[in-house]
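Below is one structure, written out as structure tokens; the observations come after it.
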Amino acid sequence: MSSSQAAERPLSTPVTGHYSGSSDPTVWFHAHYERAAREIVEFFDSDGISLTGKRLADIGCGDGIIDLGLVAQAEPASLVGFDVVSTDTDHLCRLARAAGVELAGDALPAALSFVTSEEARLPWPDRSFDYALSWSAFEHVLEPVPLLREVHRVLADNGILFVQLWPFYDSEHGSHLMDWFPEGFAPLRYNDEEILRRMQAGGRPGAAPGMYEAYRTLNRITADGLHAALRMAGFRVVKLQLQSETVHVPDEARDLPPSRIGIGGIKLLAIKDRLRATTVRARLESTGWAPGGLAALGRAYAVRTLRGALNRADRKLAQLATRSR
Amino acid sequence: MTSTDPATEVPAVCSDHYSTSASPQVWWDAHFNDAAGAVLDFFGGDGISLTGKRVADIGCGDGIIDLGVALKAQPDRMVGFDILTTDVDELARRAADQIGLEKLPENLFFATSDEVQLPAEDASFDYVISWSAFEHIADPVAVLREVRRILVDDGVLFIQLWPFYNTAHGTHLVDWFPDGFAQFKHGNADILRTVRQAGPPELAAEMLEVYRTLNGITADDLQLALWRAGFRIVKVVLDSETVHIPDEAAHLPLSAVAISGIKLLAVKTDPTDGPPASRSALDRTAAD
């Protein structure tokens with residue numbers, strides 16, 4: 001009795017080929033300097049949140065192109081890019097020049113700095129950032145919960161965390177190996193030996209070992225797993241947008257539920273939660289959800305769904321913990 | 001599944017097409033053009049044409065989508081099933097108003113079904129469709145088993161479902177709760193009072209009944225129901241809008257809050273040998 005319209009779905013498509021190592025460096029630069037940075041600014045801005053004059057942190061900044069773009073577009077007071085791999089600022093300047101972006105004094109903006117972090121430690125004082133952001137990084141983080149606890153620590157009490165993640169491991173190109181496996185679902189179709197063999201035999205043999213390693217170290221997090229990790233670290237998601245592309249489900253993926261195979265990516269805003277998970281559970285059980293009254297049936301389902309949700313979240317946490325070990 | 005008279009006047013807080021307060025024109029376009037077109041496009045994307053085929057619709061409601069499919073795709077026959085008898089005269093009147101149609105096409109039929117039985121022969125349909133119906137069905141597995149029975153072995157099932165229960169407007173009460181998540185923010189008494197206070201009593205009663213009988217199915221539950229009935233999903237896309245999550249829904253998994261709808265194609269699994277049917281059912285159809 002109702003319909004859903006494509007026109008109502010403001011989902012951005014993934015940055016074209018942004019994870020493809022074969023793309024033109026200038027295309028790669030602008031996909032991040034302009035588009036990714038703009039999507040971050042707009043996701044905050046559509047809730048009336050301006051990054052201008054604020055202290056920002058980028059978790060997993062990589063080559064720093066997005067950070068350079070954010071400084072140009074949003075003019076924050078400061079932006080610190082953190083990554084476990086040191087960001088090569090000379091290389092970033094060269095990329096900018098090659099892409100036709102002028103840098104005043106031929107140097108990076110004074111507001112922009114990069115810091116090498118550890119897996120689960122951000123070398124920065126408590127509550128020193130107004131906003132934190134992360135773009136296509138958390139699928140690579142070995143232990144999301146400890147890192148998110150660090151983000152929680154360095155963020156101001158009324159701070160906001162933006163997380164974009166694409167692609168999720170269970171989605172069509174979640175392996176990040178689209179260059180070699182355009183048909184998708186490589187980890188379900190082939191074992192790791194076969195994946196490596198095909199990568200070495202395919203195009204770009206020089207890039208194969210690095211991308212294979214990137215694939216092997218993916219944490220395989222799901223959207224609900226990310227949610228569980230955020231909650232464990234003391235965050236609460238207040239806004240989100242899923243990305244879903246139409247996907248053909250191969251035999252090998254037939255058992256994956258739609259919530260895993262169909263969610264390609266996510267953008268979300270999270271705040272520090274004052275209501276911890278245990279409190280939620282206690283509140284749930286104390287708030288008269290017992291069946292009765294007119295909407296008894298609907299309520300009964302709601303209770304079941306809520307309890308199921310908590311149980312599922314618990315299982316996800318257990319899975320995450322297992323993987324972390 | 002319930003059909004709601006779109007002409008009924010209620011305090012219009014939302015002009016959207018899924019609102020009971022949508023104008024007849026909006027409601028017509030949303031179903032005759034948009035929904036029927038979306039069904040045909042989703043099949044068409046895999047090279048499947050319904051032209052000349054036998055097509056069934058499960059939970060056809062007012063039949064507007066069925067008329068759209070019957071006229072646009074020219075199937076051999078288009079049969080709409082619903083537990084509430086479709087008002088054919090009303091459909092003909094609307095079609096005359098909206099598109100100047102003199103009479104309903106010869107290839108369009110409607111049949112009243114009961115909760116779990118479809119009055120149709122085994123393997124008598126090439127394709128089955130369902131649009132925004134499976135959130136209202138008390139026993140989805142039983143109905144899907146019936147769908148499997150009436151579908152030919154290499155048939156394809158299309159299901160669209162929107163909105164899922166846990167999402168912002170999963171209550172179907174958007175007219176009364178435009179901010180959404182009423183199912184988590186308000187108690188039963190509040191919901192009852194709010195709906196009864198605005199709009200005609202019969203509409204309030206009908207929509208409360210709709211709300212009360214929602215089955216609460218999630219996208220993952222739907223896959224499980226399909227699997228139990230002997231279907232596997234071969235193509236899927238999720239619907240998701242940007243959503244602000246209120247405190248009351250903060251405990252729900254993101255997938256539950258944010259997967260607002262789904263479109264899928266499913267094919268029969270083979271019950272005899274365990275391993276699933278491959279996409280060959282789709283491939284065979286596409287090659288026709």
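We label chains A, B, ... in the order they appear in the structure tokens, count residues from 1 in each chain, and number ligands from 1 in the order shown.
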Up to 7 Å from chain A, what residues of chain B turn up? Count only C-alpha atoms and give them as a PDB file with N, CA and C atoms, in the first residue's frame.
ATOM      1  N   SER B   3      -6.643  -1.564   1.649  1.00  0.00           N
ATOM      2  CA  SER B   3      -6.640  -0.419   0.753  1.00  0.00           C
ATOM      3  C   SER B   3      -7.304   0.746   1.462  1.00  0.00           C
ATOM      4  N   TYR B  18       2.757   7.804   0.157  1.00  0.00           N
ATOM      5  CA  TYR B  18       2.375   6.678   0.999  1.00  0.00           C
ATOM      6  C   TYR B  18       1.447   7.121   2.122  1.00  0.00           C
ATOM      7  N   ALA B  30       1.768   7.182  -8.065  1.00  0.00           N
ATOM      8  CA  ALA B  30       2.741   6.427  -7.281  1.00  0.00           C
ATOM      9  C   ALA B  30       2.610   4.925  -7.537  1.00  0.00           C
ATOM     10  N   ALA B  35       5.216   2.492  -9.149  1.00  0.00           N
ATOM     11  CA  ALA B  35       5.389   1.134  -8.626  1.00  0.00           C
ATOM     12  C   ALA B  35       5.383   0.103  -9.764  1.00  0.00           C
ATOM     13  N   GLY B  61      -4.203  -5.288  -2.997  1.00  0.00           N
ATOM     14  CA  GLY B  61      -4.874  -4.085  -2.511  1.00  0.00           C
ATOM     15  C   GLY B  61      -5.877  -3.541  -3.504  1.00  0.00           C
ATOM     16  N   SER B 132       4.819  -3.907  -1.253  1.00  0.00           N
ATOM     17  CA  SER B 132       4.406  -3.379   0.058  1.00  0.00           C
ATOM     18  C   SER B 132       3.290  -4.198   0.680  1.00  0.00           C
ATOM     19  N   ALA B 133       3.479  -5.488   0.721  1.00  0.00           N
ATOM     20  CA  ALA B 133       2.454  -6.366   1.279  1.00  0.00           C
ATOM     21  C   ALA B 133       2.989  -7.248   2.403  1.00  0.00           C
ATOM     22  N   TRP B 162       8.287  -1.994   1.810  1.00  0.00           N
ATOM     23  CA  TRP B 162       8.605  -0.682   2.373  1.00  0.00           C
ATOM     24  C   TRP B 162       7.391  -0.177   3.093  1.00  0.00           C
ATOM     25  N   ASN B 188       1.305   2.706  23.804  1.00  0.00           N
ATOM     26  CA  ASN B 188       0.097   2.357  23.060  1.00  0.00           C
ATOM     27  C   ASN B 188      -1.013   3.375  23.256  1.00  0.00           C
ATOM     28  N   TYR B 211      -1.618  -0.871  11.819  1.00  0.00           N
ATOM     29  CA  TYR B 211      -0.464  -0.785  12.714  1.00  0.00           C
ATOM     30  C   TYR B 211      -0.398  -2.015  13.624  1.00  0.00           C
ATOM     31  N   ARG B 212      -1.560  -2.366  14.179  1.00  0.00           N
ATOM     32  CA  ARG B 212      -1.614  -3.451  15.144  1.00  0.00           C
ATOM     33  C   ARG B 212      -1.215  -4.785  14.519  1.00  0.00           C
ATOM     34  N   THR B 213      -1.503  -4.936  13.231  1.00  0.00           N
ATOM     35  CA  THR B 213      -1.279  -6.235  12.605  1.00  0.00           C
ATOM     36  C   THR B 213       0.012  -6.308  11.786  1.00  0.00           C
ATOM     37  N   LEU B 214       0.830  -5.288  11.857  1.00  0.00           N
ATOM     38  CA  LEU B 214       2.135  -5.378  11.189  1.00  0.00           C
ATOM     39  C   LEU B 214       2.912  -6.533  11.785  1.00  0.00           C
ATOM     40  N   GLY B 216       6.201  -6.964  11.823  1.00  0.00           N
ATOM     41  CA  GLY B 216       7.497  -6.604  12.394  1.00  0.00           C
ATOM     42  C   GLY B 216       8.689  -7.203  11.675  1.00  0.00           C
ATOM     43  N   ALA B 219      14.536  -7.045   7.077  1.00  0.00           N
ATOM     44  CA  ALA B 219      15.082  -7.512   5.799  1.00  0.00           C
ATOM     45  C   ALA B 219      15.678  -8.921   5.968  1.00  0.00           C
ATOM     46  N   ASP B 220      16.394  -9.121   7.066  1.00  0.00           N
ATOM     47  CA  ASP B 220      17.019 -10.428   7.286  1.00  0.00           C
ATOM     48  C   ASP B 220      15.965 -11.503   7.576  1.00  0.00           C
ATOM     49  N   GLN B 223      14.555 -12.678   4.291  1.00  0.00           N
ATOM     50  CA  GLN B 223      15.417 -13.666   3.631  1.00  0.00           C
ATOM     51  C   GLN B 223      15.221 -15.054   4.245  1.00  0.00           C
ATOM     52  N   ARG B 232      15.505 -18.621  -2.801  1.00  0.00           N
ATOM     53  CA  ARG B 232      16.735 -17.904  -2.474  1.00  0.00           C
ATOM     54  C   ARG B 232      16.786 -16.624  -3.275  1.00  0.00           C
ATOM     55  N   ILE B 233      17.367 -15.609  -2.631  1.00  0.00           N
ATOM     56  CA  ILE B 233      17.461 -14.287  -3.254  1.00  0.00           C
ATOM     57  C   ILE B 233      18.601 -14.303  -4.277  1.00  0.00           C
ATOM     58  N   VAL B 234      18.310 -13.829  -5.484  1.00  0.00           N
ATOM     59  CA  VAL B 234      19.365 -13.763  -6.496  1.00  0.00           C
ATOM     60  C   VAL B 234      19.724 -12.331  -6.865  1.00  0.00           C
ATOM     61  N   LYS B 235      18.898 -11.380  -6.475  1.00  0.00           N
ATOM     62  CA  LYS B 235      19.195  -9.976  -6.759  1.00  0.00           C
ATOM     63  C   LYS B 235      18.523  -9.153  -5.683  1.00  0.00           C
ATOM     64  N   VAL B 236      19.231  -8.161  -5.174  1.00  0.00           N
ATOM     65  CA  VAL B 236      18.653  -7.387  -4.073  1.00  0.00           C
ATOM     66  C   VAL B 236      19.174  -5.960  -4.093  1.00  0.00           C
ATOM     67  N   VAL B 237      18.309  -5.024  -3.742  1.00  0.00           N
ATOM     68  CA  VAL B 237      18.761  -3.663  -3.468  1.00  0.00           C
ATOM     69  C   VAL B 237      17.989  -3.167  -2.259  1.00  0.00           C
ATOM     70  N   LEU B 238      18.694  -2.469  -1.381  1.00  0.00           N
ATOM     71  CA  LEU B 238      18.059  -1.931  -0.176  1.00  0.00           C
ATOM     72  C   LEU B 238      17.698  -0.470  -0.390  1.00  0.00           C
ATOM     73  N   SER B 240      17.283   3.144   1.571  1.00  0.00           N
ATOM     74  CA  SER B 240      17.667   3.784   2.825  1.00  0.00           C
ATOM     75  C   SER B 240      17.642   5.282   2.651  1.00  0.00           C
ATOM     76  N   GLU B 241      16.971   5.951   3.548  1.00  0.00           N
ATOM     77  CA  GLU B 241      17.013   7.406   3.562  1.00  0.00           C
ATOM     78  C   GLU B 241      17.947   7.843   4.700  1.00  0.00           C
ATOM     79  N   THR B 242      18.391   9.088   4.639  1.00  0.00           N
ATOM     80  CA  THR B 242      19.134   9.622   5.774  1.00  0.00           C
ATOM     81  C   THR B 242      18.197   9.662   6.971  1.00  0.00           C
ATOM     82  N   VAL B 243      18.655   9.148   8.107  1.00  0.00           N
ATOM     83  CA  VAL B 243      17.763   9.052   9.249  1.00  0.00           C
ATOM     84  C   VAL B 243      18.428   9.637  10.488  1.00  0.00           C
ATOM     85  N   HIS B 244      17.657  10.391  11.247  1.00  0.00           N
ATOM     86  CA  HIS B 244      18.105  10.862  12.556  1.00  0.00           C
ATOM     87  C   HIS B 244      17.531   9.921  13.601  1.00  0.00           C
ATOM     88  N   ILE B 245      18.397   9.397  14.436  1.00  0.00           N
ATOM     89  CA  ILE B 245      17.966   8.365  15.371  1.00  0.00           C
ATOM     90  C   ILE B 245      17.653   8.987  16.722  1.00  0.00           C
ATOM     91  N   PRO B 246      16.399   8.856  17.174  1.00  0.00           N
ATOM     92  CA  PRO B 246      16.063   9.402  18.486  1.00  0.00           C
ATOM     93  C   PRO B 246      16.605   8.506  19.599  1.00  0.00           C
ATOM     94  N   ALA B 250      17.967   4.237  19.974  1.00  0.00           N
ATOM     95  CA  ALA B 250      19.436   4.192  19.949  1.00  0.00           C
ATOM     96  C   ALA B 250      19.986   2.781  20.135  1.00  0.00           C
ATOM     97  N   HIS B 251      19.182   1.907  20.721  1.00  0.00           N
ATOM     98  CA  HIS B 251      19.659   0.557  21.008  1.00  0.00           C
ATOM     99  C   HIS B 251      19.527  -0.375  19.808  1.00  0.00           C
ATOM    100  N   LEU B 252      18.790   0.040  18.771  1.00  0.00           N
ATOM    101  CA  LEU B 252      18.572  -0.849  17.631  1.00  0.00           C
ATOM    102  C   LEU B 252      19.806  -0.903  16.745  1.00  0.00           C
ATOM    103  N   PRO B 253      20.081  -2.066  16.138  1.00  0.00           N
ATOM    104  CA  PRO B 253      21.205  -2.121  15.200  1.00  0.00           C
ATOM    105  C   PRO B 253      20.952  -1.156  14.034  1.00  0.00           C
ATOM    106  N   LEU B 254      22.027  -0.626  13.499  1.00  0.00           N
ATOM    107  CA  LEU B 254      21.884   0.332  12.405  1.00  0.00           C
ATOM    108  C   LEU B 254      21.101  -0.264  11.241  1.00  0.00           C
ATOM    109  N   SER B 255      21.327  -1.543  10.977  1.00  0.00           N
ATOM    110  CA  SER B 255      20.644  -2.145   9.828  1.00  0.00           C
ATOM    111  C   SER B 255      19.134  -2.149  10.045  1.00  0.00           C
ATOM    112  N   ALA B 258      17.909   1.578   9.618  1.00  0.00           N
ATOM    113  CA  ALA B 258      18.221   2.295   8.379  1.00  0.00           C
ATOM    114  C   ALA B 258      17.821   1.562   7.103  1.00  0.00           C
ATOM    115  N   SER B 278      21.083 -22.409  -9.058  1.00  0.00           N
ATOM    116  CA  SER B 278      21.978 -21.307  -9.371  1.00  0.00           C
ATOM    117  C   SER B 278      21.160 -20.188  -9.979  1.00  0.00           C
TER     118      SER B 278
END
Just want the 12 Å neighbourhood of Gly60 (chain A), counted on only C-alpha atoms, with same-chain residues fewer than 2 positions away dropped. Output as a short mmCIF file (atom, residue, chain, number, x, y, z; two decimals) with N, CA and C atoms, in the first residue's frame.
data_model
loop_
_atom_site.label_atom_id
_atom_site.label_comp_id
_atom_site.auth_asym_id
_atom_site.auth_seq_id
_atom_site.Cartn_x
_atom_site.Cartn_y
_atom_site.Cartn_z
N ALA A 57 39.95 16.49 13.88
CA ALA A 57 40.90 15.38 13.78
C ALA A 57 40.40 14.42 12.70
N ASP A 58 41.33 13.91 11.89
CA ASP A 58 40.98 12.90 10.89
C ASP A 58 41.66 11.60 11.30
N GLY A 62 45.54 8.68 5.82
CA GLY A 62 46.18 8.20 4.60
C GLY A 62 47.06 9.24 3.96
N ASP A 63 46.83 9.51 2.67
CA ASP A 63 47.69 10.45 1.94
C ASP A 63 47.39 11.92 2.25
N GLY A 64 46.35 12.18 3.02
CA GLY A 64 46.08 13.55 3.48
C GLY A 64 45.36 14.44 2.48
N ILE A 65 44.95 13.89 1.35
CA ILE A 65 44.30 14.73 0.33
C ILE A 65 42.96 15.28 0.84
N ILE A 66 42.18 14.42 1.50
CA ILE A 66 40.88 14.88 2.04
C ILE A 66 41.10 16.02 3.02
N ASP A 67 42.16 15.90 3.85
CA ASP A 67 42.42 16.91 4.88
C ASP A 67 42.77 18.25 4.24
N VAL A 80 44.14 18.02 12.38
CA VAL A 80 45.24 17.10 12.59
C VAL A 80 44.88 15.75 11.96
N GLY A 81 45.70 15.32 11.00
CA GLY A 81 45.48 14.02 10.39
C GLY A 81 46.31 12.96 11.09
N PHE A 82 45.63 11.92 11.59
CA PHE A 82 46.33 10.82 12.26
C PHE A 82 46.34 9.60 11.35
N ASP A 83 47.46 8.93 11.31
CA ASP A 83 47.50 7.64 10.61
C ASP A 83 48.65 6.82 11.18
N VAL A 84 48.51 5.49 11.14
CA VAL A 84 49.59 4.64 11.63
C VAL A 84 50.76 4.65 10.65
N VAL A 85 50.47 4.99 9.41
CA VAL A 85 51.54 5.17 8.42
C VAL A 85 51.75 6.68 8.26
N SER A 86 53.00 7.12 8.39
CA SER A 86 53.27 8.56 8.33
C SER A 86 52.84 9.13 6.99
N THR A 87 52.14 10.25 7.05
CA THR A 87 51.71 10.92 5.84
C THR A 87 52.88 11.69 5.22
N PHE A 114 50.03 16.75 10.36
CA PHE A 114 49.87 15.30 10.33
C PHE A 114 50.69 14.67 11.45
N VAL A 115 50.12 13.65 12.07
CA VAL A 115 50.76 13.02 13.22
C VAL A 115 50.70 11.51 13.03
N THR A 116 51.80 10.85 13.28
CA THR A 116 51.80 9.39 13.19
C THR A 116 51.30 8.82 14.51
N SER A 117 50.27 7.98 14.43
CA SER A 117 49.68 7.42 15.64
C SER A 117 50.00 5.94 15.73
N GLU A 118 49.64 5.34 16.86
CA GLU A 118 49.76 3.89 17.00
C GLU A 118 48.41 3.27 16.73
N GLU A 119 48.41 1.94 16.66
CA GLU A 119 47.16 1.22 16.35
C GLU A 119 45.99 1.67 17.23
N ALA A 120 46.24 1.82 18.50
CA ALA A 120 45.14 2.13 19.40
C ALA A 120 45.50 3.30 20.32
N ARG A 121 46.32 4.22 19.80
CA ARG A 121 46.65 5.38 20.63
C ARG A 121 46.83 6.60 19.75
N LEU A 122 46.13 7.67 20.12
CA LEU A 122 46.27 8.94 19.44
C LEU A 122 47.09 9.84 20.37
N ALA A 132 35.64 14.97 15.09
CA ALA A 132 36.55 13.98 14.51
C ALA A 132 35.88 13.38 13.29
N LEU A 133 36.69 12.98 12.33
CA LEU A 133 36.11 12.38 11.13
C LEU A 133 37.01 11.25 10.65
N SER A 134 36.40 10.39 9.87
CA SER A 134 37.15 9.24 9.35
C SER A 134 36.52 8.82 8.04
N TRP A 135 37.33 8.64 7.02
CA TRP A 135 36.83 8.32 5.69
C TRP A 135 37.48 7.04 5.20
N SER A 136 36.67 6.02 4.97
CA SER A 136 37.16 4.74 4.44
C SER A 136 38.40 4.26 5.18
N ALA A 137 38.31 4.25 6.49
CA ALA A 137 39.46 3.83 7.29
C ALA A 137 39.11 2.68 8.23
N PHE A 138 37.90 2.66 8.79
CA PHE A 138 37.64 1.73 9.88
C PHE A 138 37.55 0.28 9.46
N GLU A 139 37.47 0.02 8.15
CA GLU A 139 37.53 -1.38 7.73
C GLU A 139 38.97 -1.90 7.75
N HIS A 140 39.93 -0.98 7.92
CA HIS A 140 41.34 -1.36 7.97
C HIS A 140 41.89 -1.40 9.39
N VAL A 141 41.11 -0.92 10.34
CA VAL A 141 41.61 -0.81 11.71
C VAL A 141 41.54 -2.18 12.39
N LEU A 142 42.69 -2.62 12.90
CA LEU A 142 42.77 -3.96 13.47
C LEU A 142 41.82 -4.11 14.65
N PRO A 144 38.95 -1.90 16.24
CA PRO A 144 38.15 -0.68 16.19
C PRO A 144 37.80 -0.11 17.58
N LEU A 147 40.56 1.94 19.42
CA LEU A 147 40.81 3.19 18.69
C LEU A 147 39.64 4.16 18.88
N LEU A 148 38.42 3.62 18.83
CA LEU A 148 37.26 4.50 19.03
C LEU A 148 37.24 5.06 20.45
N VAL A 151 39.39 7.97 20.26
CA VAL A 151 38.68 9.09 19.62
C VAL A 151 37.75 9.74 20.65
N VAL A 163 31.81 9.24 10.64
CA VAL A 163 32.48 8.06 10.08
C VAL A 163 31.85 7.74 8.72
N GLN A 164 32.71 7.65 7.72
CA GLN A 164 32.28 7.08 6.45
C GLN A 164 33.03 5.79 6.28
N LEU A 165 32.33 4.74 5.87
CA LEU A 165 33.02 3.48 5.59
C LEU A 165 32.44 2.92 4.31
#
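Closest approach to Glu135 (chain B) among B:Thr51, B:Asn215, B:Gln98, B:Thr112: B:Asn215, based on only C-alpha atoms.
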> Just asking: which residues within region 224-278 of chain B are strand (DSSP E) according to DSSP, as number ranges by chain?
Replying inline: B: 231-239, 243-244, 261-268
>> What's the separation between CA of Met78 (chain B) and CA of Pro163 (chain B), in Å to one decimal place?
In response: 25.0 Å
